[in-house]
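Structure file my_file22.csv (CSV, C-alpha atoms) follows.
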```
chain,number,residue,atom,x,y,z
A,9,MET,CA,-6.6,0.9,-31.7
A,10,ARG,CA,-10.1,2.4,-32.5
A,11,SER,CA,-10.2,5.9,-34.0
A,12,LEU,CA,-11.5,8.9,-32.2
A,13,THR,CA,-14.7,8.9,-34.2
A,14,ALA,CA,-15.4,5.3,-33.5
A,15,MET,CA,-15.4,5.7,-29.8
A,16,THR,CA,-18.4,6.7,-27.7
A,17,ILE,CA,-18.0,9.9,-25.8
A,18,HIS,CA,-19.7,10.2,-22.4
A,19,PRO,CA,-22.6,12.5,-22.7
A,20,THR,CA,-21.7,14.3,-19.5
A,21,VAL,CA,-20.9,17.8,-18.3
A,22,ARG,CA,-17.3,18.9,-18.7
A,23,PRO,CA,-15.2,19.1,-16.8
A,24,LEU,CA,-16.4,15.9,-15.2
A,25,PRO,CA,-17.2,16.4,-11.5
A,26,GLN,CA,-14.7,14.2,-9.5
A,27,LYS,CA,-13.3,13.7,-6.1
A,28,THR,CA,-9.6,14.4,-5.8
A,29,ILE,CA,-7.4,11.6,-4.4
A,30,GLY,CA,-4.5,12.9,-2.2
A,31,VAL,CA,-1.5,10.6,-2.2
A,32,LEU,CA,1.1,10.9,0.4
A,33,GLY,CA,4.0,9.5,-1.6
A,34,GLY,CA,7.7,9.1,-1.9
A,35,MET,CA,7.8,6.1,0.4
A,36,SER,CA,9.2,4.9,-2.0
A,37,ASN,CA,9.1,6.5,-5.4
A,38,GLN,CA,8.6,3.0,-6.8
A,39,ALA,CA,5.5,2.4,-4.8
A,40,THR,CA,4.2,5.9,-5.6
A,41,GLY,CA,4.5,5.3,-9.3
A,42,GLU,CA,2.6,2.1,-9.0
A,43,TYR,CA,-0.1,3.8,-7.0
A,44,TYR,CA,-0.5,6.5,-9.7
A,45,ARG,CA,-0.7,3.8,-12.4
A,46,LEU,CA,-3.2,1.6,-10.5
A,47,LEU,CA,-5.4,4.5,-9.4
A,48,ASN,CA,-5.7,5.7,-13.0
A,49,ASP,CA,-6.2,2.2,-14.4
A,50,GLY,CA,-8.9,1.6,-11.9
A,51,LEU,CA,-10.8,4.8,-12.6
A,52,ASN,CA,-10.5,4.5,-16.3
A,53,ALA,CA,-12.0,1.0,-16.0
A,54,ARG,CA,-15.0,2.6,-14.2
A,55,LEU,CA,-15.3,5.7,-16.4
A,56,GLY,CA,-14.2,4.6,-19.8
A,57,ASN,CA,-12.8,6.4,-22.8
A,58,TRP,CA,-10.1,8.9,-21.8
A,59,ASP,CA,-11.3,9.6,-18.3
A,60,ASN,CA,-9.1,8.7,-15.3
A,61,GLY,CA,-8.3,10.2,-11.9
A,62,GLU,CA,-7.8,13.6,-10.5
A,63,ILE,CA,-4.9,13.0,-8.2
A,64,VAL,CA,-2.6,15.2,-6.0
A,65,ILE,CA,0.7,13.7,-4.9
A,66,VAL,CA,2.9,15.2,-2.2
A,67,SER,CA,6.1,13.2,-2.5
A,68,VAL,CA,8.5,13.2,0.5
A,69,ASN,CA,12.2,12.6,0.6
A,70,PHE,CA,12.6,8.9,1.2
A,71,GLY,CA,16.0,9.5,2.8
A,72,ASN,CA,14.1,11.3,5.6
A,73,ILE,CA,11.7,8.3,6.0
A,74,GLU,CA,14.6,5.8,6.1
A,75,HIS,CA,16.2,7.8,8.8
A,76,PHE,CA,13.1,8.0,10.9
A,77,VAL,CA,12.4,4.3,10.6
A,78,ARG,CA,16.0,3.2,11.3
A,79,THR,CA,16.3,5.4,14.4
A,80,GLY,CA,12.7,4.8,15.6
A,81,ASP,CA,12.1,8.5,15.6
A,82,TRP,CA,8.3,8.3,15.2
A,83,LYS,CA,7.7,11.7,16.7
A,84,GLY,CA,10.0,13.2,14.1
A,85,ALA,CA,8.3,11.3,11.4
A,86,GLU,CA,4.9,12.5,12.6
A,87,ARG,CA,6.0,16.2,12.6
A,88,TYR,CA,7.4,15.8,9.1
A,89,LEU,CA,4.4,14.0,7.5
A,90,SER,CA,1.9,16.2,9.3
A,91,GLY,CA,3.2,19.1,7.2
A,92,LYS,CA,2.9,17.1,4.0
A,93,VAL,CA,-0.8,16.2,4.8
A,94,ASP,CA,-1.4,19.9,5.3
A,95,ALA,CA,-0.1,20.4,1.7
A,96,LEU,CA,-2.5,17.8,0.4
A,97,GLU,CA,-5.4,19.5,2.1
A,98,ARG,CA,-4.3,22.9,0.7
A,99,ALA,CA,-4.1,21.3,-2.7
A,100,GLY,CA,-7.8,20.3,-2.5
A,101,ALA,CA,-7.6,16.6,-1.8
A,102,ASP,CA,-11.0,15.0,-0.9
A,103,LEU,CA,-9.4,11.8,0.3
A,104,VAL,CA,-5.9,11.0,1.7
A,105,ILE,CA,-4.1,7.7,1.2
A,106,CYS,CA,-0.5,6.9,2.2
A,107,VAL,CA,1.6,4.6,0.1
A,108,SER,CA,3.6,3.1,2.9
A,109,ASN,CA,2.4,0.4,5.3
A,110,THR,CA,5.1,1.3,7.8
A,111,MET,CA,4.3,5.0,8.0
A,112,HIS,CA,0.7,4.4,8.8
A,113,ARG,CA,2.0,4.2,12.3
A,114,VAL,CA,2.3,8.0,12.3
A,115,VAL,CA,-0.2,8.9,9.5
A,116,GLU,CA,-3.1,7.4,11.3
A,117,PRO,CA,-2.8,9.7,14.4
A,118,ILE,CA,-2.2,12.6,12.1
A,119,MET,CA,-5.4,11.9,10.3
A,120,ALA,CA,-7.4,11.2,13.4
A,121,GLY,CA,-7.8,14.9,14.1
A,122,ARG,CA,-8.8,15.9,10.6
A,123,SER,CA,-12.1,15.9,8.8
A,124,ILE,CA,-10.8,14.7,5.5
A,125,PRO,CA,-11.5,11.0,4.8
A,126,PHE,CA,-8.5,8.6,5.2
A,127,ILE,CA,-8.3,5.0,4.1
A,128,HIS,CA,-6.0,3.0,6.4
A,129,ILE,CA,-4.0,0.5,4.2
A,130,ALA,CA,-4.8,-2.4,6.6
A,131,ASP,CA,-8.5,-2.1,6.3
A,132,PRO,CA,-9.2,-3.2,2.7
A,133,THR,CA,-6.7,-6.0,3.2
A,134,GLY,CA,-8.4,-7.1,6.4
A,135,GLU,CA,-11.8,-7.0,4.6
A,136,ALA,CA,-10.4,-9.2,1.8
A,137,ILE,CA,-8.9,-11.7,4.2
A,138,ALA,CA,-12.2,-11.9,6.2
A,139,LYS,CA,-14.2,-12.3,3.0
A,140,ALA,CA,-11.9,-15.2,2.0
A,141,GLY,CA,-12.8,-16.9,5.4
A,142,LEU,CA,-9.2,-16.9,6.7
A,143,ARG,CA,-8.3,-16.4,10.3
A,144,ARG,CA,-4.5,-16.7,10.2
A,145,VAL,CA,-2.2,-15.2,7.6
A,146,GLY,CA,1.5,-14.5,7.2
A,147,LEU,CA,2.9,-11.0,6.9
A,148,LEU,CA,5.9,-9.7,5.0
A,149,GLY,CA,7.0,-6.1,5.3
A,150,THR,CA,9.6,-3.9,6.8
A,151,ALA,CA,10.9,-5.0,10.2
A,152,ALA,CA,8.9,-2.1,11.8
A,153,THR,CA,5.7,-3.4,10.1
A,154,MET,CA,6.3,-7.1,11.0
A,155,ARG,CA,7.0,-6.1,14.7
A,156,SER,CA,4.1,-3.7,15.0
A,157,ASP,CA,1.7,-4.5,17.9
A,158,LEU,CA,-0.6,-1.8,16.6
A,159,LEU,CA,-1.0,-3.4,13.3
A,160,ALA,CA,-1.5,-6.9,14.8
A,161,GLU,CA,-4.1,-5.5,17.1
A,162,ARG,CA,-5.9,-3.8,14.2
A,163,PHE,CA,-6.2,-7.0,12.2
A,164,ARG,CA,-7.2,-9.0,15.2
A,165,ASP,CA,-9.7,-6.6,16.7
A,166,ARG,CA,-11.4,-5.4,13.5
A,167,PHE,CA,-11.2,-8.5,11.3
A,168,GLY,CA,-10.5,-11.5,13.6
A,169,VAL,CA,-7.3,-12.2,11.8
A,170,GLU,CA,-4.1,-13.4,13.5
A,171,LEU,CA,-0.8,-12.4,11.9
A,172,LEU,CA,2.2,-14.8,11.6
A,173,VAL,CA,5.6,-13.2,10.9
A,174,PRO,CA,9.0,-14.7,10.0
A,175,ASP,CA,11.6,-15.5,12.6
A,176,GLU,CA,14.0,-12.7,13.5
A,177,ALA,CA,16.7,-13.7,11.0
A,178,ASP,CA,14.2,-13.8,8.1
A,179,GLN,CA,12.6,-10.6,9.3
A,180,ALA,CA,16.0,-9.0,8.9
A,181,LEU,CA,16.4,-10.5,5.4
A,182,VAL,CA,12.9,-9.3,4.3
A,183,ASP,CA,13.7,-5.8,5.6
A,184,ARG,CA,17.1,-5.7,3.9
A,185,ILE,CA,15.7,-6.7,0.5
A,186,ILE,CA,13.1,-4.0,0.8
A,187,PHE,CA,15.4,-1.2,1.7
A,188,ASP,CA,18.5,-2.2,-0.4
A,189,GLU,CA,16.7,-3.6,-3.5
A,190,LEU,CA,13.0,-3.1,-3.9
A,191,VAL,CA,12.8,0.6,-3.3
A,192,ARG,CA,15.3,0.9,-6.1
A,193,ARG,CA,13.4,-1.6,-8.3
A,194,ASP,CA,16.4,-3.9,-8.1
A,195,LEU,CA,14.5,-7.2,-8.6
A,196,ARG,CA,16.9,-10.2,-8.0
A,197,PRO,CA,16.0,-13.9,-8.6
A,198,ASP,CA,17.9,-14.9,-5.5
A,199,SER,CA,15.9,-12.5,-3.4
A,200,LYS,CA,12.6,-13.8,-4.9
A,201,ALA,CA,13.6,-17.3,-4.0
A,202,GLU,CA,14.3,-16.2,-0.4
A,203,TYR,CA,10.9,-14.5,-0.2
A,204,LEU,CA,9.1,-17.6,-1.5
A,205,ARG,CA,11.0,-19.8,0.9
A,206,ILE,CA,9.9,-17.6,3.8
A,207,VAL,CA,6.3,-17.7,2.6
A,208,GLU,CA,6.5,-21.5,2.5
A,209,ASP,CA,7.7,-21.5,6.0
A,210,LEU,CA,4.8,-19.3,7.1
A,211,ARG,CA,2.5,-21.8,5.3
A,212,ARG,CA,4.0,-24.7,7.2
A,213,ARG,CA,3.4,-22.8,10.5
A,214,GLY,CA,-0.3,-22.5,9.7
A,215,ALA,CA,-0.8,-19.4,7.6
A,216,GLY,CA,-3.7,-19.7,5.2
A,217,GLY,CA,-2.4,-16.9,3.0
A,218,VAL,CA,0.1,-14.1,3.0
A,219,ILE,CA,-0.1,-10.3,3.2
A,220,LEU,CA,2.4,-8.4,1.0
A,221,GLY,CA,2.6,-5.7,3.7
A,222,CYS,CA,5.1,-3.5,1.9
A,223,THR,CA,3.9,-1.6,-1.2
A,224,GLU,CA,6.9,-2.7,-3.3
A,225,ILE,CA,6.8,-6.5,-2.5
A,226,PHE,CA,4.4,-7.3,-5.3
A,227,LEU,CA,7.1,-6.2,-7.8
A,228,LEU,CA,9.1,-9.2,-6.6
A,229,ILE,CA,6.5,-11.9,-5.8
A,230,ASP,CA,2.8,-12.1,-6.6
A,231,GLN,CA,-0.1,-14.5,-6.8
A,232,PRO,CA,1.2,-16.3,-9.9
A,233,ASP,CA,4.3,-17.3,-7.8
A,234,LEU,CA,2.1,-18.9,-5.2
A,235,PRO,CA,-0.6,-20.9,-7.0
A,236,GLY,CA,-3.4,-22.1,-4.6
A,237,PHE,CA,-2.1,-19.9,-1.7
A,238,PRO,CA,-4.0,-16.6,-1.3
A,239,VAL,CA,-1.9,-13.5,-1.7
A,240,PHE,CA,-3.2,-10.2,-0.3
A,241,ASP,CA,-1.3,-7.4,-1.9
A,242,THR,CA,-1.8,-4.2,0.1
A,243,THR,CA,-0.9,-2.0,-2.9
A,244,ARG,CA,-3.7,-3.2,-5.2
A,245,LEU,CA,-6.2,-3.6,-2.4
A,246,HIS,CA,-5.5,0.0,-1.1
A,247,THR,CA,-5.7,1.6,-4.5
A,248,GLN,CA,-8.9,-0.3,-5.3
A,249,ALA,CA,-10.5,1.0,-2.1
A,250,ALA,CA,-9.6,4.5,-3.1
A,251,VAL,CA,-11.1,4.0,-6.6
A,252,ASP,CA,-14.3,2.6,-4.9
A,253,PHE,CA,-14.5,5.6,-2.6
A,254,VAL,CA,-14.2,8.3,-5.2
A,255,SER,CA,-16.4,6.4,-7.7
A,256,VAL,CA,-19.2,6.3,-5.2
A,257,ALA,CA,-18.6,9.8,-3.8
A,258,ARG,CA,-18.5,11.6,-7.1
```
Rewrite the structure of this file - the entire thing - as structure tokens.
Amino acid sequence: MRSLTAMTIHPTVRPLPQKTIGVLGGMSNQATGEYYRLLNDGLNARLGNWDNGEIVIVSVNFGNIEHFVRTGDWKGAERYLSGKVDALERAGADLVICVSNTMHRVVEPIMAGRSIPFIHIADPTGEAIAKAGLRRVGLLGTAATMRSDLLAERFRDRFGVELLVPDEADQALVDRIIFDELVRRDLRPDSKAEYLRIVEDLRRRGAGGVILGCTEIFLLIDQPDLPGFPVFDTTRLHTQAAVDFVSVAR
């Protein structure tokens, strides 16, 4: 490690003018921790030395989220998360991102009536898929995400991408592993094997790649597990988009 005197200090005004990233977190705490790490790593790579991000996190009770998802109470979820977005705005966020693919179903309409910028998690993923020249990809996520017509329409209408999802039995398996294991960072070899089997089935059905459409899935499987088969990790793509936004905006 280089000494303090050996490192170059940015000749800039202090405190460094920055945009503040507002993170709607807690869905789950594992994903939120990874978002914090990736945002700071990405900004430090841009800024250098000891600089990283100015970040505000409002972390919700995941037990409430699990209840809303299981019962399909999307109106209740919207009311609950609307108040949390209010808290991010009061805290001075210049940008809002939500760490959950599933909860974009309610966060998108919450943000539609606000002036603060919002990056939808599907958009950087759709852009990456389109850039790769793919038109049909598999999707893993919670059952609500895999069954979402709104999400399928967004990928199709904005990016010309068709989503393939597992059959009903495998959707239930993917969902169970997320809620019972991944949100607790319980990473099991047998569950990894099942996910890789499901991805291989999607490939046989014509998928040219796979979206890790839950922000904890990359903890279990990632690109090295699928050599030669493109993996689109929504967590990394989303955080990189936020880094790009505040780097340009600052």
- Query: Near stretch 41-46 of chain A, counting all atoms listed in the file, which residues have an atom at most 12 Å away, once you skip same-chain residues fewer than 3 positions from it, shown as a PyMOL selection string?
  - Reply: chain A and resi 29-38+49-53+60-67+105-108+191+193+223-227+242-251
Print the selection's residues with C-alpha atoms to a file, as a CSV table (one decimal), keeping the file's coordinate frame.
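File out-v1.csv, as written:
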```csv
chain,number,residue,atom,x,y,z
A,29,ILE,CA,-7.4,11.6,-4.4
A,30,GLY,CA,-4.5,12.9,-2.2
A,31,VAL,CA,-1.5,10.6,-2.2
A,32,LEU,CA,1.1,10.9,0.4
A,33,GLY,CA,4.0,9.5,-1.6
A,34,GLY,CA,7.7,9.1,-1.9
A,35,MET,CA,7.8,6.1,0.4
A,36,SER,CA,9.2,4.9,-2.0
A,37,ASN,CA,9.1,6.5,-5.4
A,38,GLN,CA,8.6,3.0,-6.8
A,49,ASP,CA,-6.2,2.2,-14.4
A,50,GLY,CA,-8.9,1.6,-11.9
A,51,LEU,CA,-10.8,4.8,-12.6
A,52,ASN,CA,-10.5,4.5,-16.3
A,53,ALA,CA,-12.0,1.0,-16.0
A,60,ASN,CA,-9.1,8.7,-15.3
A,61,GLY,CA,-8.3,10.2,-11.9
A,62,GLU,CA,-7.8,13.6,-10.5
A,63,ILE,CA,-4.9,13.0,-8.2
A,64,VAL,CA,-2.6,15.2,-6.0
A,65,ILE,CA,0.7,13.7,-4.9
A,66,VAL,CA,2.9,15.2,-2.2
A,67,SER,CA,6.1,13.2,-2.5
A,105,ILE,CA,-4.1,7.7,1.2
A,106,CYS,CA,-0.5,6.9,2.2
A,107,VAL,CA,1.6,4.6,0.1
A,108,SER,CA,3.6,3.1,2.9
A,191,VAL,CA,12.8,0.6,-3.3
A,193,ARG,CA,13.4,-1.6,-8.3
A,223,THR,CA,3.9,-1.6,-1.2
A,224,GLU,CA,6.9,-2.7,-3.3
A,225,ILE,CA,6.8,-6.5,-2.5
A,226,PHE,CA,4.4,-7.3,-5.3
A,227,LEU,CA,7.1,-6.2,-7.8
A,242,THR,CA,-1.8,-4.2,0.1
A,243,THR,CA,-0.9,-2.0,-2.9
A,244,ARG,CA,-3.7,-3.2,-5.2
A,245,LEU,CA,-6.2,-3.6,-2.4
A,246,HIS,CA,-5.5,0.0,-1.1
A,247,THR,CA,-5.7,1.6,-4.5
A,248,GLN,CA,-8.9,-0.3,-5.3
A,249,ALA,CA,-10.5,1.0,-2.1
A,250,ALA,CA,-9.6,4.5,-3.1
A,251,VAL,CA,-11.1,4.0,-6.6
```
- Query: Which value, in Å to one decimal, gives the distance between atom CA of A:Val77 and atom CA of A:Arg113?
  - Reply: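 Separation between atom CA of A:Val77 and atom CA of A:Arg113: 10.5 Å.
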- Task: State, in Å with one decimal place, the distance from atom CA of A:Leu96 to atom CA of A:Arg22.
- Result: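 We find that atom CA of A:Leu96 and atom CA of A:Arg22 lie 24.2 Å from each other.
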- Nearest to A:Ala152, restricted to all atoms listed in the file and choosing among A:Pro125, A:Gly221, A:Tyr88, A:Glu116, comes out as A:Gly221
- What does the distance between atom CA of A:Gly214 and atom CA of A:Leu190 come to in Å, to one decimal place?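 Atom-to-atom, atom CA of A:Gly214 and atom CA of A:Leu190 are spaced 27.2 Å apart.
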- Query: Which neighbours of A:Asp233 fall inside 12 Å, counting all atoms listed in the file, when residues of the same chain fewer than 6 positions from it are skipped, and could you give them as a list in words?
  - Reply: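 Here the qualifying residues turn out to be Lys200, Ala201, Tyr203, Leu204, Arg205, Val207, Glu208, Phe226, Leu227 and Val239 of chain A.
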- Message: Which residues are close to A:Arg155, i.e. within 12 Å by only C-alpha atoms, leaving aside same-chain residues fewer than 2 positions away? Reply as a PyMOL selection string.
- Response: chain A and resi 110+113+147-153+157-161+171-176+179-180+183+221
- So, counting all atoms listed in the file, which residue among A:Phe76, A:Phe253, A:Ile118, A:Asn69 is closest to A:Ser90? A:Ile118
- Task: Pick out the closest residue to A:Lys27 from this set: A:Ala101, A:Gly84, A:Gly71, A:Glu135. Count only C-alpha atoms.
- Result: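 Ranked by minimum distance to A:Lys27, first place goes to A:Ala101.
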- Task: Tell me, as a PyMOL selection string, which residues lie within 12 Å of A:Lys139, counting all atoms listed in the file; anything in the same chain fewer than 6 positions away does not count.
- Result: chain A and resi 132-133+167-169+238+240
Using only C-alpha atoms, please write the residues we just selected to a file, as an mmCIF file, in the coordinates of the input.
```
data_model
loop_
_atom_site.group_PDB
_atom_site.id
_atom_site.type_symbol
_atom_site.label_atom_id
_atom_site.label_comp_id
_atom_site.auth_asym_id
_atom_site.auth_seq_id
_atom_site.Cartn_x
_atom_site.Cartn_y
_atom_site.Cartn_z
ATOM 1 C CA PRO A 132 -9.200 -3.200 2.700
ATOM 2 C CA THR A 133 -6.700 -6.000 3.200
ATOM 3 C CA PHE A 167 -11.200 -8.500 11.300
ATOM 4 C CA GLY A 168 -10.500 -11.500 13.600
ATOM 5 C CA VAL A 169 -7.300 -12.200 11.800
ATOM 6 C CA PRO A 238 -4.000 -16.600 -1.300
ATOM 7 C CA PHE A 240 -3.200 -10.200 -0.300
#
```
Give me the residues within 12 Å of A:Arg87 as an mmCIF file with C-alpha atoms, keeping the file's coordinate frame, counting all atoms listed in the file and dropping any in the same chain fewer than 3 places off.
```
data_model
loop_
_atom_site.group_PDB
_atom_site.id
_atom_site.type_symbol
_atom_site.label_atom_id
_atom_site.label_comp_id
_atom_site.auth_asym_id
_atom_site.auth_seq_id
_atom_site.Cartn_x
_atom_site.Cartn_y
_atom_site.Cartn_z
ATOM 1 C CA ASN A 72 14.100 11.300 5.600
ATOM 2 C CA ILE A 73 11.700 8.300 6.000
ATOM 3 C CA PHE A 76 13.100 8.000 10.900
ATOM 4 C CA ASP A 81 12.100 8.500 15.600
ATOM 5 C CA TRP A 82 8.300 8.300 15.200
ATOM 6 C CA LYS A 83 7.700 11.700 16.700
ATOM 7 C CA GLY A 84 10.000 13.200 14.100
ATOM 8 C CA SER A 90 1.900 16.200 9.300
ATOM 9 C CA GLY A 91 3.200 19.100 7.200
ATOM 10 C CA LYS A 92 2.900 17.100 4.000
ATOM 11 C CA VAL A 93 -0.800 16.200 4.800
ATOM 12 C CA ASP A 94 -1.400 19.900 5.300
ATOM 13 C CA VAL A 114 2.300 8.000 12.300
ATOM 14 C CA VAL A 115 -0.200 8.900 9.500
ATOM 15 C CA PRO A 117 -2.800 9.700 14.400
ATOM 16 C CA ILE A 118 -2.200 12.600 12.100
#
```
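Closest approach to A:Asn109 among A:Asp131, A:Asp230, A:Glu97, A:Asp178 is made by A:Asp131 (distances from all atoms listed in the file).
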